[in-house]
Amino acid sequence: MNRLFDRSKMTYFPLATRRNKVSIEEACVDPHDQAIAIDRNMQEKTDLIAKQIIDARNVGASVMCAFGAHAIKNGMGRLLGMMVEKGWLTHLATNGAGVIHDWEFAFQGFSSEDVKANVIEGKFGTWEETGLYLNTALAIGAYEGLGYGQSIGAMIHNEGLFIPTRATLVSAGKDEDIPVSKRAAALALLAVLDVLDLPQGFVPIEHPFASYSVQEKCYVKQIPCT
């Protein structure tokens with residue numbers, strides 16, 4: 001605990017009570033829909049990028065797509081997911097907000113809180129399920145040897161999290177025959193479970209809008225998403 005800032009004293013609010021500005025069903029850019037008209041200059045740039053991607057994949061080269069949160073917030077998750085499924089992209093990278101938008105869309109179909117209003121009220125970023133599920137998924141993923149995007153994608157795809165028993169984690173933390181990184185991850189996860197008082201076993205977390213998640217697609221196709 002930070003002696004200057006005790007997070008246990010914070011109040012967290014149910015995600016369902018938050019007003020959101022974006023519905024993924026309305027914002028989604030569906031790759032199966034008719035193409036959106038763009039001006040000639042943009043079309044030329046798009047054609048060039050498409051050719052570069054095709055040329056790269058034809059010779060077995062990697063294609064990385066790095067993007068900010070607005071790509072997800074503006075409904076591009078399903079389109080990016082299609083490019084992953086078809087093998088056009090071999091590595092995706094975004095920031096923390098991109099991860100949050102993608103997961104919140106998969107979980108409830110809505111995302112994008114009113115930053116100004118919630119900062120004024122002292123509520124910005126204080127949403128229970130977002131913090132609880134994402135951070136727990138990351139702690140479990142670290143123990144299982146998964147990366148950041150893999151950990152979130154696995155939770156979405158599996159519709160929940162499997163929490164090891166405390167005895168298993170204690171044993172792993174003491175086992176000198178496994179890598180020190182695995183031992184450290186086991187003890188870190190144990191600390192998380194103790195603080196949050198989480199049960200062992202499978203914890204179901206429904207994601208009714210999982211088809212919009214690019215992290216889920218990356219997990220299924222085993223494409224890095226960082």
# chains A, B, ... in the order shown; residues from 1 in each chain; ligands from 1

call {"tool": "residues_around", "arguments": {"residues": "Phe13 (chain A)", "least_positions_apart": "5", "cutoff": "12 Å", "atoms": "only C-alpha atoms", "output": "list of chain:residue names"}}
result
A:Arg18, A:Arg19, A:Asn118, A:Gly122, A:Lys123, A:Phe124, A:Gly125, A:Thr126, A:Trp127, A:Glu128, A:Glu129, A:Thr130, A:Gly131, A:Leu132

call {"tool": "write_last_selection", "arguments": {"atoms": "C-alpha atoms", "output": "CSV table (one decimal), in the first residue's frame"}}
result
chain,number,residue,atom,x,y,z
A,18,ARG,CA,-22.1,4.5,-16.2
A,19,ARG,CA,-23.4,6.6,-19.1
A,118,ASN,CA,-16.8,12.1,-14.4
A,122,GLY,CA,-14.5,12.2,-9.0
A,123,LYS,CA,-15.7,9.1,-10.8
A,124,PHE,CA,-13.5,8.9,-13.9
A,125,GLY,CA,-11.9,5.4,-14.2
A,126,THR,CA,-13.6,4.1,-11.1
A,127,TRP,CA,-15.6,1.3,-12.7
A,128,GLU,CA,-15.6,-1.9,-10.8
A,129,GLU,CA,-15.7,-4.6,-13.5
A,130,THR,CA,-13.2,-2.9,-15.8
A,131,GLY,CA,-10.5,-2.7,-13.2
A,132,LEU,CA,-11.4,-6.0,-11.4

call {"tool": "residues_around", "arguments": {"residues": "Glu216 (chain A)", "least_positions_apart": "3", "cutoff": "8 Å", "atoms": "only C-alpha atoms", "output": "list in words"}}
result
Gln150, Ile152, Gly153, Ala154, Ile156, His157, Ala210, Ser211, Ser213, Tyr219 and Val220 of chain A

call {"tool": "residues_around", "arguments": {"residues": "Glu144 (chain A)", "least_positions_apart": "3", "cutoff": "9 Å", "atoms": "only C-alpha atoms", "output": "NGL selection string"}}
result
:A and (139-141 or 151 or 182 or 185-186)

call {"tool": "write_last_selection", "arguments": {"atoms": "N, CA and C atoms", "output": "PDB file, in the first residue's frame"}}
result
ATOM      1  N   ALA A 139      -3.073 -10.805 -14.169  1.00  0.00           N
ATOM      2  CA  ALA A 139      -2.323 -11.539 -13.147  1.00  0.00           C
ATOM      3  C   ALA A 139      -2.351 -13.041 -13.427  1.00  0.00           C
ATOM      4  N   ILE A 140      -3.517 -13.544 -13.833  1.00  0.00           N
ATOM      5  CA  ILE A 140      -3.631 -14.962 -14.182  1.00  0.00           C
ATOM      6  C   ILE A 140      -2.820 -15.257 -15.436  1.00  0.00           C
ATOM      7  N   GLY A 141      -2.903 -14.356 -16.415  1.00  0.00           N
ATOM      8  CA  GLY A 141      -2.162 -14.543 -17.655  1.00  0.00           C
ATOM      9  C   GLY A 141      -0.662 -14.592 -17.432  1.00  0.00           C
ATOM     10  N   SER A 151      -3.967 -12.429 -22.544  1.00  0.00           N
ATOM     11  CA  SER A 151      -4.664 -12.608 -21.266  1.00  0.00           C
ATOM     12  C   SER A 151      -6.093 -12.095 -21.342  1.00  0.00           C
ATOM     13  N   LYS A 182       8.003 -17.593 -13.274  1.00  0.00           N
ATOM     14  CA  LYS A 182       6.762 -18.311 -12.972  1.00  0.00           C
ATOM     15  C   LYS A 182       6.497 -18.286 -11.470  1.00  0.00           C
ATOM     16  N   ALA A 185       5.292 -14.815 -10.574  1.00  0.00           N
ATOM     17  CA  ALA A 185       3.923 -14.601 -11.042  1.00  0.00           C
ATOM     18  C   ALA A 185       2.918 -15.327 -10.156  1.00  0.00           C
ATOM     19  N   ALA A 186       3.291 -16.518  -9.673  1.00  0.00           N
ATOM     20  CA  ALA A 186       2.404 -17.274  -8.785  1.00  0.00           C
ATOM     21  C   ALA A 186       2.157 -16.519  -7.485  1.00  0.00           C
TER      22      ALA A 186
END

call {"tool": "closest_residue", "arguments": {"among": "A:Met155, A:Val203, A:Ile54, A:Val214", "to": "Asn135 (chain A)", "atoms": "only C-alpha atoms"}}
result
A:Met155

call {"tool": "select_by_dssp", "arguments": {"residues": "region 29-164 of chain A", "states": "strand (DSSP E or B)", "output": "count of residues only"}}
result
15

call {"tool": "residues_around", "arguments": {"residues": "Glu159 (chain A)", "least_positions_apart": "5", "cutoff": "8 Å", "atoms": "only C-alpha atoms", "output": "ChimeraX atom specification"}}
result
/A:204-207

call {"tool": "write_last_selection", "arguments": {"atoms": "N, CA and C atoms", "output": "PDB file, in the first residue's frame"}}
result
ATOM      1  N   PRO A 204     -17.318 -17.456 -14.127  1.00  0.00           N
ATOM      2  CA  PRO A 204     -17.922 -17.099 -15.416  1.00  0.00           C
ATOM      3  C   PRO A 204     -18.076 -15.590 -15.580  1.00  0.00           C
ATOM      4  N   ILE A 205     -17.695 -15.097 -16.753  1.00  0.00           N
ATOM      5  CA  ILE A 205     -17.853 -13.683 -17.092  1.00  0.00           C
ATOM      6  C   ILE A 205     -18.362 -13.644 -18.530  1.00  0.00           C
ATOM      7  N   GLU A 206     -19.619 -13.399 -18.707  1.00  0.00           N
ATOM      8  CA  GLU A 206     -20.206 -13.434 -20.045  1.00  0.00           C
ATOM      9  C   GLU A 206     -19.738 -12.250 -20.887  1.00  0.00           C
ATOM     10  N   HIS A 207     -19.498 -12.519 -22.154  1.00  0.00           N
ATOM     11  CA  HIS A 207     -19.117 -11.487 -23.124  1.00  0.00           C
ATOM     12  C   HIS A 207     -20.028 -11.632 -24.346  1.00  0.00           C
TER      13      HIS A 207
END

call {"tool": "closest_residue", "arguments": {"among": "A:Ile163, A:Met76, A:Val59, A:Ala69", "to": "Phe202 (chain A)", "atoms": "only C-alpha atoms"}}
result
A:Ile163

call {"tool": "residues_around", "arguments": {"residues": "region 172-179 of chain A", "least_positions_apart": "2", "cutoff": "12 Å", "atoms": "only C-alpha atoms", "output": "ChimeraX atom specification"}}
result
/A:143-145,164-170,181-191

call {"tool": "closest_residue", "arguments": {"among": "A:His101, A:Lys86, A:Arg40, A:Arg7", "to": "Ser23 (chain A)", "atoms": "only C-alpha atoms"}}
result
A:His101

call {"tool": "select_by_dssp", "arguments": {"residues": "region 72-176 of chain A", "states": "helix (DSSP H, G or I)", "output": "tab-separated table (two decimals) with C-alpha atoms, in the first residue's frame"}}
result
chain	number	residue	atom	x	y	z
A	72	ILE	CA	-11.44	0.76	-31.33
A	73	LYS	CA	-13.80	3.43	-30.00
A	77	GLY	CA	-12.36	-3.81	-33.92
A	78	ARG	CA	-14.29	-6.18	-36.17
A	79	LEU	CA	-12.44	-4.97	-39.28
A	80	LEU	CA	-9.06	-5.44	-37.59
A	81	GLY	CA	-10.23	-8.86	-36.41
A	82	MET	CA	-11.09	-9.84	-39.99
A	83	MET	CA	-7.60	-8.81	-41.13
A	84	VAL	CA	-6.14	-10.97	-38.35
A	85	GLU	CA	-8.31	-13.95	-39.33
A	96	GLY	CA	-4.30	0.79	-22.34
A	97	ALA	CA	-7.38	2.71	-23.44
A	98	GLY	CA	-7.58	0.61	-26.59
A	99	VAL	CA	-7.59	-2.53	-24.46
A	100	ILE	CA	-10.29	-1.10	-22.20
A	101	HIS	CA	-12.60	-0.02	-25.05
A	102	ASP	CA	-12.23	-3.40	-26.76
A	103	TRP	CA	-13.02	-5.29	-23.56
A	104	GLU	CA	-15.93	-3.06	-22.49
A	105	PHE	CA	-17.51	-3.43	-25.92
A	106	ALA	CA	-17.19	-7.23	-25.69
A	107	PHE	CA	-18.55	-7.25	-22.13
A	108	GLN	CA	-21.49	-4.85	-22.38
A	115	VAL	CA	-14.37	12.23	-19.16
A	116	LYS	CA	-15.15	15.85	-18.26
A	117	ALA	CA	-18.32	15.06	-16.32
A	118	ASN	CA	-16.82	12.12	-14.44
A	119	VAL	CA	-13.60	13.93	-13.54
A	120	ILE	CA	-15.70	16.70	-12.02
A	121	GLU	CA	-17.65	14.11	-10.00
A	128	GLU	CA	-15.62	-1.92	-10.82
A	129	GLU	CA	-15.75	-4.60	-13.50
A	130	THR	CA	-13.24	-2.93	-15.81
A	131	GLY	CA	-10.54	-2.71	-13.16
A	132	LEU	CA	-11.37	-5.99	-11.45
A	133	TYR	CA	-11.62	-8.26	-14.47
A	134	LEU	CA	-8.82	-6.77	-16.56
A	135	ASN	CA	-6.27	-6.74	-13.75
A	136	THR	CA	-7.23	-10.21	-12.54
A	137	ALA	CA	-6.98	-11.53	-16.10
A	138	LEU	CA	-3.50	-10.02	-16.43
A	139	ALA	CA	-2.32	-11.54	-13.15
A	140	ILE	CA	-3.63	-14.96	-14.18
A	141	GLY	CA	-2.16	-14.54	-17.65
A	142	ALA	CA	1.28	-13.75	-16.24
A	143	TYR	CA	1.12	-16.96	-14.18
A	144	GLU	CA	0.06	-18.93	-17.27
A	148	TYR	CA	-1.10	-8.73	-22.23
A	149	GLY	CA	-3.48	-9.04	-25.16
A	150	GLN	CA	-3.54	-12.84	-24.89
A	151	SER	CA	-4.66	-12.61	-21.27
A	152	ILE	CA	-7.61	-10.35	-22.07
A	153	GLY	CA	-8.45	-12.23	-25.26
A	154	ALA	CA	-8.49	-15.53	-23.35
A	155	MET	CA	-10.94	-14.14	-20.79
A	156	ILE	CA	-13.26	-12.95	-23.55
A	157	HIS	CA	-13.02	-16.18	-25.56
A	158	ASN	CA	-13.43	-18.47	-22.54
A	166	ARG	CA	-4.09	-21.00	-3.22
A	167	ALA	CA	-2.28	-24.24	-2.42
A	168	THR	CA	-1.22	-24.55	-6.07
A	169	LEU	CA	0.12	-20.99	-6.10
A	170	VAL	CA	1.98	-21.39	-2.81
A	171	SER	CA	3.55	-24.61	-4.08
A	172	ALA	CA	4.58	-22.97	-7.36
A	173	GLY	CA	6.08	-20.04	-5.49
A	174	LYS	CA	8.36	-22.40	-3.56
